[in-house]
$ cat my_file.cif   # mmCIF, C-alpha atoms
data_start
#
loop_
_atom_site.label_atom_id
_atom_site.label_comp_id
_atom_site.auth_asym_id
_atom_site.auth_seq_id
_atom_site.Cartn_x
_atom_site.Cartn_y
_atom_site.Cartn_z
CA MET A 1393 -80.61 -44.32 -4.77
CA THR A 1394 -77.46 -43.33 -2.86
CA ILE A 1395 -77.37 -40.33 -0.57
CA GLU A 1396 -74.85 -38.75 -2.93
CA SER A 1397 -77.24 -38.82 -5.90
CA ARG A 1398 -80.14 -37.20 -4.07
CA VAL A 1399 -80.95 -33.52 -3.88
CA ARG A 1400 -79.46 -32.21 -0.66
CA ILE A 1401 -80.43 -29.42 1.71
CA PRO A 1402 -78.37 -26.22 1.48
CA LEU A 1403 -76.32 -26.04 4.70
CA VAL A 1404 -77.25 -22.44 5.45
CA ALA A 1405 -80.96 -23.17 5.10
CA ALA A 1406 -80.65 -26.17 7.41
CA LEU A 1407 -78.95 -23.99 10.01
CA GLU A 1408 -81.53 -21.24 9.61
CA ALA A 1409 -84.26 -23.78 10.38
CA LEU A 1410 -82.43 -24.79 13.55
CA ARG A 1411 -81.93 -21.16 14.52
CA ALA A 1412 -85.65 -20.51 14.05
CA ALA A 1413 -86.59 -23.52 16.16
CA ARG A 1414 -84.18 -22.78 19.00
CA ARG A 1415 -85.51 -21.76 22.40
CA ASP A 1416 -83.66 -19.12 24.34
CA ASP A 1417 -82.53 -21.45 27.13
CA GLU A 1418 -80.93 -24.01 24.83
CA VAL A 1419 -77.22 -24.50 24.30
CA ILE A 1420 -76.07 -24.88 20.70
CA ILE A 1421 -72.57 -26.15 19.85
CA PRO A 1422 -71.66 -25.49 16.21
CA THR A 1423 -68.43 -27.05 14.91
CA MET A 1424 -66.20 -26.86 11.82
CA GLY A 1425 -68.00 -25.81 8.60
CA ASN A 1426 -71.39 -25.42 10.23
CA ALA A 1427 -69.80 -23.08 12.83
CA ARG A 1428 -68.52 -20.88 10.02
CA GLU A 1429 -72.01 -20.52 8.56
CA TRP A 1430 -73.75 -20.29 11.97
CA MET A 1431 -71.67 -17.24 12.87
CA LYS A 1432 -72.87 -15.48 9.70
CA LEU A 1433 -76.54 -15.89 10.58
CA GLY A 1434 -76.68 -13.15 13.16
CA ALA A 1435 -75.52 -11.91 16.52
CA PRO A 1436 -74.08 -14.61 18.78
CA HIS A 1437 -76.38 -16.05 21.43
CA ALA A 1438 -75.15 -16.17 25.03
CA LEU A 1439 -75.61 -19.95 25.02
CA ASP A 1440 -73.76 -20.59 21.77
CA LEU A 1441 -70.56 -22.54 22.29
CA ILE A 1442 -68.80 -21.96 18.99
CA LEU A 1443 -66.35 -24.86 19.19
CA VAL A 1444 -63.49 -23.09 17.42
CA PRO A 1445 -60.73 -23.98 18.12
CA SER A 1446 -61.65 -27.60 18.61
CA ALA A 1447 -60.25 -31.07 18.73
CA MET A 1448 -62.01 -32.34 15.61
CA GLY A 1449 -64.75 -34.85 16.35
CA HIS A 1450 -65.23 -33.97 19.97
CA GLY A 1451 -68.35 -31.79 19.71
CA THR A 1452 -70.49 -34.72 20.80
CA SER A 1453 -68.25 -35.31 23.82
CA ILE A 1454 -68.20 -31.74 25.07
CA GLY A 1455 -71.95 -31.65 24.43
CA LEU A 1456 -72.39 -34.79 26.51
CA GLY A 1457 -70.59 -33.17 29.42
CA LEU A 1458 -72.68 -30.02 29.16
CA ALA A 1459 -75.88 -32.04 28.94
CA LEU A 1460 -75.00 -33.99 32.08
CA ALA A 1461 -74.10 -30.84 34.00
CA GLN A 1462 -77.19 -28.95 32.81
CA PRO A 1463 -79.94 -31.57 32.74
CA GLU A 1464 -82.72 -28.99 32.69
CA ARG A 1465 -81.57 -27.58 29.35
CA ARG A 1466 -81.51 -29.01 25.86
CA VAL A 1467 -77.99 -29.16 24.44
CA ILE A 1468 -77.80 -29.33 20.65
CA VAL A 1469 -74.53 -30.35 18.98
CA CYS A 1470 -73.99 -29.62 15.28
CA MET A 1471 -71.53 -32.10 13.80
CA GLY A 1472 -70.14 -32.71 10.35
CA ASP A 1473 -70.07 -36.28 9.09
CA GLY A 1474 -66.27 -36.22 8.95
CA SER A 1475 -66.18 -35.08 12.56
CA LEU A 1476 -68.61 -37.74 13.70
CA LEU A 1477 -66.57 -40.43 11.97
CA MET A 1478 -63.65 -39.43 14.18
CA ASN A 1479 -65.67 -40.04 17.33
CA LEU A 1480 -68.36 -42.60 16.54
CA GLY A 1481 -67.87 -44.18 19.95
CA SER A 1482 -69.25 -41.02 21.53
CA LEU A 1483 -72.71 -42.11 20.35
CA ALA A 1484 -72.43 -45.17 22.59
CA SER A 1485 -71.16 -43.01 25.45
CA ILE A 1486 -74.13 -40.63 25.10
CA VAL A 1487 -76.60 -43.48 25.42
CA ALA A 1488 -74.67 -45.09 28.28
CA ALA A 1489 -74.81 -41.80 30.17
CA ARG A 1490 -78.57 -41.45 29.59
CA ALA A 1491 -78.18 -37.91 28.29
CA THR A 1492 -81.86 -37.50 27.49
CA ASN A 1493 -81.49 -33.74 26.95
CA LEU A 1494 -78.83 -34.05 24.23
CA VAL A 1495 -79.60 -33.60 20.54
CA VAL A 1496 -76.95 -34.49 17.94
CA VAL A 1497 -77.51 -33.01 14.48
CA VAL A 1498 -75.19 -34.32 11.78
CA PHE A 1499 -74.80 -32.25 8.65
CA ASP A 1500 -73.81 -35.00 6.26
CA ASN A 1501 -72.21 -33.64 3.10
CA GLY A 1502 -69.93 -36.61 2.44
CA VAL A 1503 -66.73 -34.59 2.35
CA TYR A 1504 -64.11 -32.88 4.46
CA GLU A 1505 -65.38 -29.50 3.33
CA VAL A 1506 -62.85 -27.15 4.87
CA THR A 1507 -59.82 -29.00 3.51
CA GLY A 1508 -61.02 -28.93 -0.09
CA GLN A 1509 -63.93 -31.38 -0.23
CA GLN A 1510 -62.06 -34.66 -0.14
CA PRO A 1511 -64.53 -37.56 0.31
CA THR A 1512 -64.73 -39.02 3.80
CA ALA A 1513 -64.27 -42.73 4.39
CA GLY A 1514 -67.98 -42.80 5.23
CA SER A 1515 -69.21 -41.41 1.90
CA ALA A 1516 -69.99 -43.57 -1.13
CA ALA A 1517 -67.43 -41.61 -3.12
CA GLY A 1518 -64.75 -42.46 -0.57
CA ARG A 1519 -65.63 -46.16 -0.42
CA ALA A 1520 -65.00 -47.35 -3.94
CA GLY A 1521 -68.65 -47.46 -4.78
CA ASN A 1522 -69.90 -49.05 -1.59
CA ALA A 1523 -72.90 -47.40 0.02
CA GLY A 1524 -72.18 -44.49 2.31
CA VAL A 1525 -72.41 -44.93 6.07
CA ASP A 1526 -75.98 -44.59 7.31
CA PHE A 1527 -75.40 -42.44 10.40
CA ALA A 1528 -79.02 -42.68 11.48
CA ALA A 1529 -78.71 -46.47 11.50
CA VAL A 1530 -75.51 -46.22 13.54
CA ALA A 1531 -77.24 -43.98 16.09
CA ARG A 1532 -80.19 -46.34 16.25
CA ALA A 1533 -77.87 -49.29 16.81
CA CYS A 1534 -76.15 -47.38 19.62
CA GLY A 1535 -79.52 -47.01 21.33
CA PHE A 1536 -80.58 -43.42 20.65
CA GLU A 1537 -84.14 -42.92 21.75
CA SER A 1538 -85.14 -40.77 18.81
CA VAL A 1539 -83.50 -41.00 15.36
CA HIS A 1540 -84.41 -39.09 12.20
CA ARG A 1541 -83.04 -38.45 8.75
CA PHE A 1542 -84.05 -35.65 6.41
CA SER A 1543 -83.19 -34.81 2.83
CA ALA A 1544 -85.89 -32.16 2.38
CA LEU A 1545 -85.60 -28.75 4.01
CA SER A 1546 -89.35 -28.39 4.53
CA GLU A 1547 -89.50 -31.64 6.50
CA TRP A 1548 -86.56 -30.67 8.71
CA ALA A 1549 -87.84 -27.13 9.29
CA GLY A 1550 -91.31 -28.43 10.08
CA SER A 1551 -90.07 -31.06 12.51
CA ALA A 1552 -87.11 -29.47 14.27
CA ARG A 1553 -88.90 -28.01 17.29
CA ARG A 1554 -90.90 -31.15 17.95
CA LEU A 1555 -87.81 -33.35 17.69
CA ILE A 1556 -85.78 -31.16 20.04
CA ASP A 1557 -88.60 -31.27 22.58
CA GLY A 1558 -89.04 -35.03 22.40
CA PRO A 1559 -87.45 -37.57 24.71
CA GLY A 1560 -83.80 -38.09 23.91
CA PRO A 1561 -81.05 -38.63 23.33
CA THR A 1562 -82.01 -37.50 19.86
CA PHE A 1563 -80.09 -37.94 16.63
CA VAL A 1564 -80.86 -36.10 13.40
CA ALA A 1565 -79.01 -36.74 10.14
CA LEU A 1566 -79.42 -34.01 7.53
CA GLU A 1567 -78.26 -34.61 3.99
CA VAL A 1568 -76.71 -31.27 3.10
CA GLU A 1569 -74.81 -29.75 0.19
CA PRO A 1570 -71.14 -28.97 0.71
CA VAL A 1571 -70.43 -25.24 0.58
CA VAL A 1572 -68.25 -24.61 -2.46
CA GLY A 1573 -65.04 -22.91 -1.35
CA GLY A 1574 -65.94 -23.38 2.32
CA VAL A 1575 -62.91 -22.75 4.48
CA ALA A 1576 -62.10 -23.53 8.10
CA PRO A 1577 -63.95 -21.26 10.53
CA SER A 1578 -62.13 -18.46 12.31
CA SER A 1579 -62.29 -18.16 16.07
CA PRO A 1580 -64.88 -15.59 17.17
CA GLY A 1581 -62.66 -14.54 20.07
CA PRO A 1582 -60.36 -15.81 22.81
CA ALA A 1583 -61.58 -19.24 23.85
CA PRO A 1584 -60.88 -18.89 27.62
CA LEU A 1585 -62.88 -15.66 27.73
CA ARG A 1586 -65.76 -17.28 25.86
CA ALA A 1587 -65.64 -20.23 28.24
CA ARG A 1588 -66.00 -17.92 31.25
CA GLU A 1589 -68.86 -16.01 29.59
CA LEU A 1590 -70.70 -19.22 28.78
CA MET A 1591 -70.29 -20.44 32.36
CA LYS A 1592 -71.74 -17.18 33.66
CA SER A 1593 -74.69 -17.43 31.28
CA LEU A 1594 -75.36 -21.04 32.29
CA ALA A 1595 -75.24 -20.12 35.99
CA ARG A 1596 -77.91 -17.40 35.65
CA MET B 405 -65.99 -33.89 42.72
CA THR B 406 -69.27 -34.49 40.91
CA HIS B 407 -68.39 -36.84 38.04
CA VAL B 408 -65.66 -39.34 37.22
CA VAL B 409 -65.19 -39.74 33.47
CA THR B 410 -63.31 -42.91 32.79
CA VAL B 411 -61.94 -45.69 30.68
CA PRO B 412 -60.75 -48.34 33.17
CA ASP B 413 -57.51 -50.22 33.47
CA SER B 414 -56.82 -53.21 35.69
CA THR B 415 -55.94 -51.01 38.70
CA ILE B 416 -58.21 -47.97 38.58
CA GLY B 417 -61.01 -50.03 37.10
CA ARG B 418 -61.38 -51.72 40.47
CA TRP B 419 -62.45 -48.40 41.95
CA GLU B 420 -65.60 -48.28 39.82
CA GLY B 421 -67.75 -50.14 42.32
CA ALA B 422 -66.96 -47.68 45.08
CA ILE B 423 -67.61 -44.73 42.77
CA GLU B 424 -70.93 -46.18 41.67
CA ARG B 425 -71.98 -46.67 45.27
CA SER B 426 -71.31 -43.01 46.00
CA ALA B 427 -74.40 -40.84 46.26
CA ARG B 428 -72.38 -37.73 45.39
CA ILE B 429 -70.31 -38.84 42.41
CA ARG B 430 -71.59 -40.00 39.05
CA LEU B 431 -69.54 -42.39 36.93
CA VAL B 432 -69.46 -41.56 33.22
CA ARG B 433 -68.16 -44.35 31.00
CA VAL B 434 -66.70 -43.35 27.65
CA CYS B 435 -65.27 -45.40 24.79
CA ARG B 436 -61.82 -43.83 24.45
CA GLU B 437 -59.72 -41.56 26.56
CA GLY B 438 -59.83 -38.53 24.25
CA GLU B 439 -63.56 -38.44 24.85
CA ALA B 440 -62.99 -38.34 28.59
CA TRP B 441 -61.16 -35.00 28.47
CA GLN B 442 -63.83 -33.40 26.32
CA VAL B 443 -66.74 -34.78 28.35
CA ALA B 444 -64.99 -33.42 31.43
CA GLY B 445 -64.59 -30.09 29.64
CA GLY B 446 -68.31 -29.93 28.98
CA LEU B 447 -69.05 -30.86 32.57
CA HIS B 448 -66.78 -28.08 33.81
CA LEU B 449 -68.38 -25.52 31.50
CA GLY B 450 -71.75 -26.61 32.84
CA GLY B 451 -70.69 -25.96 36.43
CA ALA B 452 -69.75 -29.49 37.53
CA THR B 453 -66.43 -30.64 39.00
CA PRO B 454 -65.26 -33.62 36.95
CA LEU B 455 -62.30 -35.95 37.30
CA VAL B 456 -60.73 -37.74 34.32
CA MET B 457 -59.57 -41.24 35.28
CA ILE B 458 -57.60 -43.16 32.65
CA GLN B 459 -54.45 -45.22 32.11
CA CYS B 460 -51.25 -43.72 30.72
CA THR B 461 -51.83 -45.56 27.43
CA GLY B 462 -55.03 -43.55 27.17
CA LEU B 463 -53.08 -40.39 27.91
CA PHE B 464 -51.02 -41.17 24.81
CA GLU B 465 -54.25 -41.52 22.83
CA SER B 466 -55.73 -38.29 24.18
CA GLY B 467 -53.30 -35.69 22.89
CA ASP B 468 -55.43 -33.41 20.75
CA ALA B 469 -58.46 -33.66 23.01
CA LEU B 470 -56.56 -32.62 26.11
CA ARG B 471 -54.57 -29.97 24.25
CA ASN B 472 -57.83 -28.37 23.22
CA VAL B 473 -59.59 -28.31 26.61
CA LEU B 474 -56.54 -27.68 28.81
CA HIS B 475 -54.64 -25.22 26.64
CA ASP B 476 -56.98 -23.66 24.04
CA TRP B 477 -59.94 -23.29 26.42
CA LYS B 478 -57.83 -23.28 29.60
CA LEU B 479 -60.18 -25.48 31.56
CA PRO B 480 -58.60 -26.55 34.87
CA LEU B 481 -59.36 -30.25 34.70
CA PHE B 482 -57.88 -32.73 37.14
CA SER B 483 -57.01 -36.31 36.26
CA ILE B 484 -55.92 -39.56 37.81
CA ILE B 485 -53.67 -41.50 35.47
CA GLY B 486 -52.62 -45.11 35.97
CA TYR B 487 -48.88 -45.56 35.39
CA ARG B 488 -48.56 -49.00 33.83
CA SER B 489 -45.54 -51.14 34.72
CA TYR B 490 -44.09 -48.70 37.25
CA LEU B 491 -44.35 -51.17 40.15
CA ASP B 492 -44.46 -54.43 38.23
CA GLN B 493 -42.26 -54.86 35.19
CA ALA B 494 -42.53 -58.65 35.09
CA LYS B 495 -45.68 -58.78 32.98
CA LEU B 496 -44.49 -56.46 30.26
CA PRO B 497 -40.68 -56.36 30.34
CA GLY B 498 -39.40 -53.27 28.58
CA ASP B 499 -42.83 -51.60 28.65
CA THR B 500 -42.33 -48.24 26.96
CA CYS B 501 -44.99 -46.68 29.18
CA LEU B 502 -42.08 -46.15 31.57
CA VAL B 503 -40.19 -44.26 28.88
CA PHE B 504 -42.93 -41.95 27.69
CA THR B 505 -45.50 -41.28 30.42
CA GLU B 506 -43.73 -38.60 32.42
CA PRO B 507 -42.13 -36.81 29.44
CA ILE B 508 -45.56 -36.65 27.81
CA LEU B 509 -47.18 -35.19 30.92
CA GLU B 510 -44.40 -32.61 30.96
CA ALA B 511 -44.78 -31.91 27.25
CA TRP B 512 -48.49 -31.23 27.78
CA ARG B 513 -47.58 -29.02 30.76
CA ILE B 514 -49.69 -30.97 33.19
CA ASP B 515 -48.62 -30.42 36.80
CA TYR B 516 -48.54 -33.96 38.21
CA ARG B 517 -47.59 -35.78 41.36
CA LEU B 518 -46.27 -39.35 41.21
CA ILE B 519 -47.97 -41.55 43.78
CA THR B 520 -46.04 -44.77 44.42
CA LYS B 521 -47.27 -45.87 47.85
CA PRO B 522 -50.41 -45.65 49.99
CA ALA B 523 -48.71 -43.27 52.43
CA GLN B 524 -48.83 -40.64 49.68
CA LEU B 525 -52.58 -40.74 49.15
CA ASP B 526 -53.09 -37.42 50.93
CA GLU B 527 -50.92 -35.85 48.25
CA ILE B 528 -53.68 -36.51 45.73
CA ARG B 529 -56.13 -34.53 47.82
CA SER B 530 -53.74 -31.65 48.49
CA HIS B 531 -52.65 -31.45 44.85
CA PHE B 532 -56.26 -31.49 43.69
CA HIS B 533 -57.14 -28.62 46.02
CA ALA B 534 -54.04 -26.65 45.06
CA CYS B 535 -54.84 -27.02 41.35
CA ARG B 536 -58.43 -26.07 41.95
CA ALA B 537 -57.46 -22.97 43.93
CA GLY B 538 -54.98 -22.01 41.23
CA GLU B 539 -57.50 -22.76 38.43
CA ARG B 540 -54.98 -24.94 36.65
CA ALA B 541 -54.97 -28.47 35.33
CA GLY B 542 -53.29 -31.19 37.34
CA ALA B 543 -52.87 -34.91 37.63
CA ALA B 544 -52.06 -37.67 40.05
CA LEU B 545 -49.98 -40.38 38.43
CA ILE B 546 -50.73 -43.65 40.17
CA ALA B 547 -47.95 -46.22 40.02
CA GLU B 548 -49.23 -49.64 38.96
#
$ encode --input "my_file.cif" --output "structure tokens"
Amino acid sequence: MTIESRVRIPLVAALEALRAARRDDEVIIPTMGNAREWMKLGAPHALDLILVPSAMGHGTSIGLGLALAQPERRVIVCMGDGSLLMNLGSLASIVAARATNLVVVVFDNGVYEVTGQQPTAGSAAGRAGNAGVDFAAVARACGFESVHRFSALSEWAGSARRLIDGPGPTFVALEVEPVVGGVAPSSPGPAPLRARELMKSLAR
Amino acid sequence: MTHVVTVPDSTIGRWEGAIERSARIRLVRVCREGEAWQVAGGLHLGGATPLVMIQCTGLFESGDALRNVLHDWKLPLFSIIGYRSYLDQAKLPGDTCLVFTEPILEAWRIDYRLITKPAQLDEIRSHFHACRAGERAGAALIAE
């Protein structure tokens, strides 16, 4: 069975599970469509780095830098599959840098959601019937210490805390539903100001 | 300086051994130059003092990544950029790196100093400190 033909996790529910599992000292970096939904879930956390505006695909890279600078904290990066495809090499960089406190969560919906749900080159629909890219296998091949894939919300919600706590770098692929009509996220405020606030929060 | 984030070229790549021997500086190897700017951005946000070290060809590759961290987020990152073919045009006659490198640095509004001889090495240090004090991005362009 292809990923596309399976039942997928609703994106919002997957994010709610992450929000519930999050510890207060952990940095979370939402990007693109998942950032849009993350911002709707409640008040912003001081250690949220809402990566809007972004250079698409670079959530894993900025997360790697944060993880290296803050080795005592867990840094959790929320990527879309389209974003990760733009920066697959970053998975090799993360392992090379031994970022054991970095967790990459990929919300794999198979499409560029915010531009109108065009299939990515990694999805079965975008590959003329070939199987979609197995991101968990890619992460494993790059040398991630801990690699997981979930298509059931209950399994993800029940495992999230344990996986975040485990030795990393950690990679989690979640098979999620695209959000119908999902648009590009709006910036929650001036980026330079948010950068300074995050730096203050990290220095406390 | 706490971290050097790099993709090597045949000149600056030879510095890796010295960087790795340093007890104070950590070398971070990335796969493409756009990554280097964003990793450095994350390092800066986390309280570190990173340096991006790449070749000018990688600068060409890095556009959106550096635009985002230097101009959207206004992170004052410093870089060392190898300037291919500036000193030696025999290997690659007509190398267009000579045409585009400086205009692209100017287009991205990166305050740079061109370093063409060892006597100028102190300029790298003084420019780095000036950029740091002014909380602005800067670069040293190393002639190769």
$ resolve_selection --input "my_file.cif" --expression "the PyMOL selection byres ((chain A) within 6 of (chain B))" --output "PyMOL selection string"
chain A and resi 1447+1453-1454+1456-1458+1461-1462+1481+1485+1583-1584+1591
$ atom_distance --input "my_file.cif" --atom1 "CA of Ala1552 in chain A" --atom2 "CA of Val1503 in chain A"
24.2 Å
$ closest_residue --input "my_file.cif" --among "A:Gly1581, A:Gly1574, A:Ile1486, A:Leu1594" --to "Asp1416 in chain A" --atoms "only C-alpha atoms"
A:Leu1594
$ residues_near_point --input "my_file.cif" --point "(-66.8, -15.0, 15.8)" --cutoff "10 Å" --atoms "all atoms listed in the file" --output "PyMOL selection string"
chain A and resi 1427-1428+1430-1432+1435-1436+1442+1444+1577-1582
$ resolve_selection --input "my_file.cif" --expression "the PyMOL selection byres ((chain A and resi 1590) around 8)" --output "MDAnalysis selection string"
(chainID A and resid 1438:1441 1586:1589 1591:1594) or (chainID B and resid 449)
$ residues_around --input "my_file.cif" --residues "Ile1421 in chain A" --least-positions-apart "6" --cutoff "8 Å" --atoms "all atoms listed in the file" --output "JSON list (two decimals) with C-alpha atoms, in the coordinates of the input"
[["chain", "number", "residue", "atom", "x", "y", "z"],
["A", 1440, "ASP", "CA", -73.76, -20.59, 21.77],
["A", 1441, "LEU", "CA", -70.56, -22.54, 22.29],
["A", 1442, "ILE", "CA", -68.80, -21.96, 18.99],
["A", 1443, "LEU", "CA", -66.35, -24.86, 19.19],
["A", 1451, "GLY", "CA", -68.35, -31.79, 19.71],
["A", 1455, "GLY", "CA", -71.95, -31.65, 24.43],
["A", 1467, "VAL", "CA", -77.99, -29.16, 24.44],
["A", 1468, "ILE", "CA", -77.80, -29.33, 20.65],
["A", 1469, "VAL", "CA", -74.53, -30.35, 18.98],
["A", 1470, "CYS", "CA", -73.99, -29.62, 15.28]]
$ atom_distance --input "my_file.cif" --atom1 "CA of Ala1544 in chain A" --atom2 "CA of Gly1524 in chain A"
18.4 Å
$ resolve_selection --input "my_file.cif" --expression "the PyMOL selection byres ((chain B and resi 515-523) around 7)" --output "ChimeraX atom specification"
/B:513-514,524-525,541-547
$ residues_around --input "my_file.cif" --residues "Cys460 in chain B" --least-positions-apart "5" --cutoff "7 Å" --atoms "only C-alpha atoms" --output "list in words"
Ile485, Gly486, Tyr487, Arg488 and Thr505 of chain B
$ closest_residue --input "my_file.cif" --among "B:Pro480, B:Pro412, B:Gly421, B:Gly498" --to "Ile458 in chain B" --atoms "all atoms listed in the file"
B:Pro412
$ atom_distance --input "my_file.cif" --atom1 "CA of Asp1500 in chain A" --atom2 "CA of Val1572 in chain A"
14.7 Å
$ closest_residue --input "my_file.cif" --among "A:Ile1401, A:Met1448, A:Ala1459, A:Val1497" --to "Asn1479 in chain A" --atoms "all atoms listed in the file"
A:Met1448
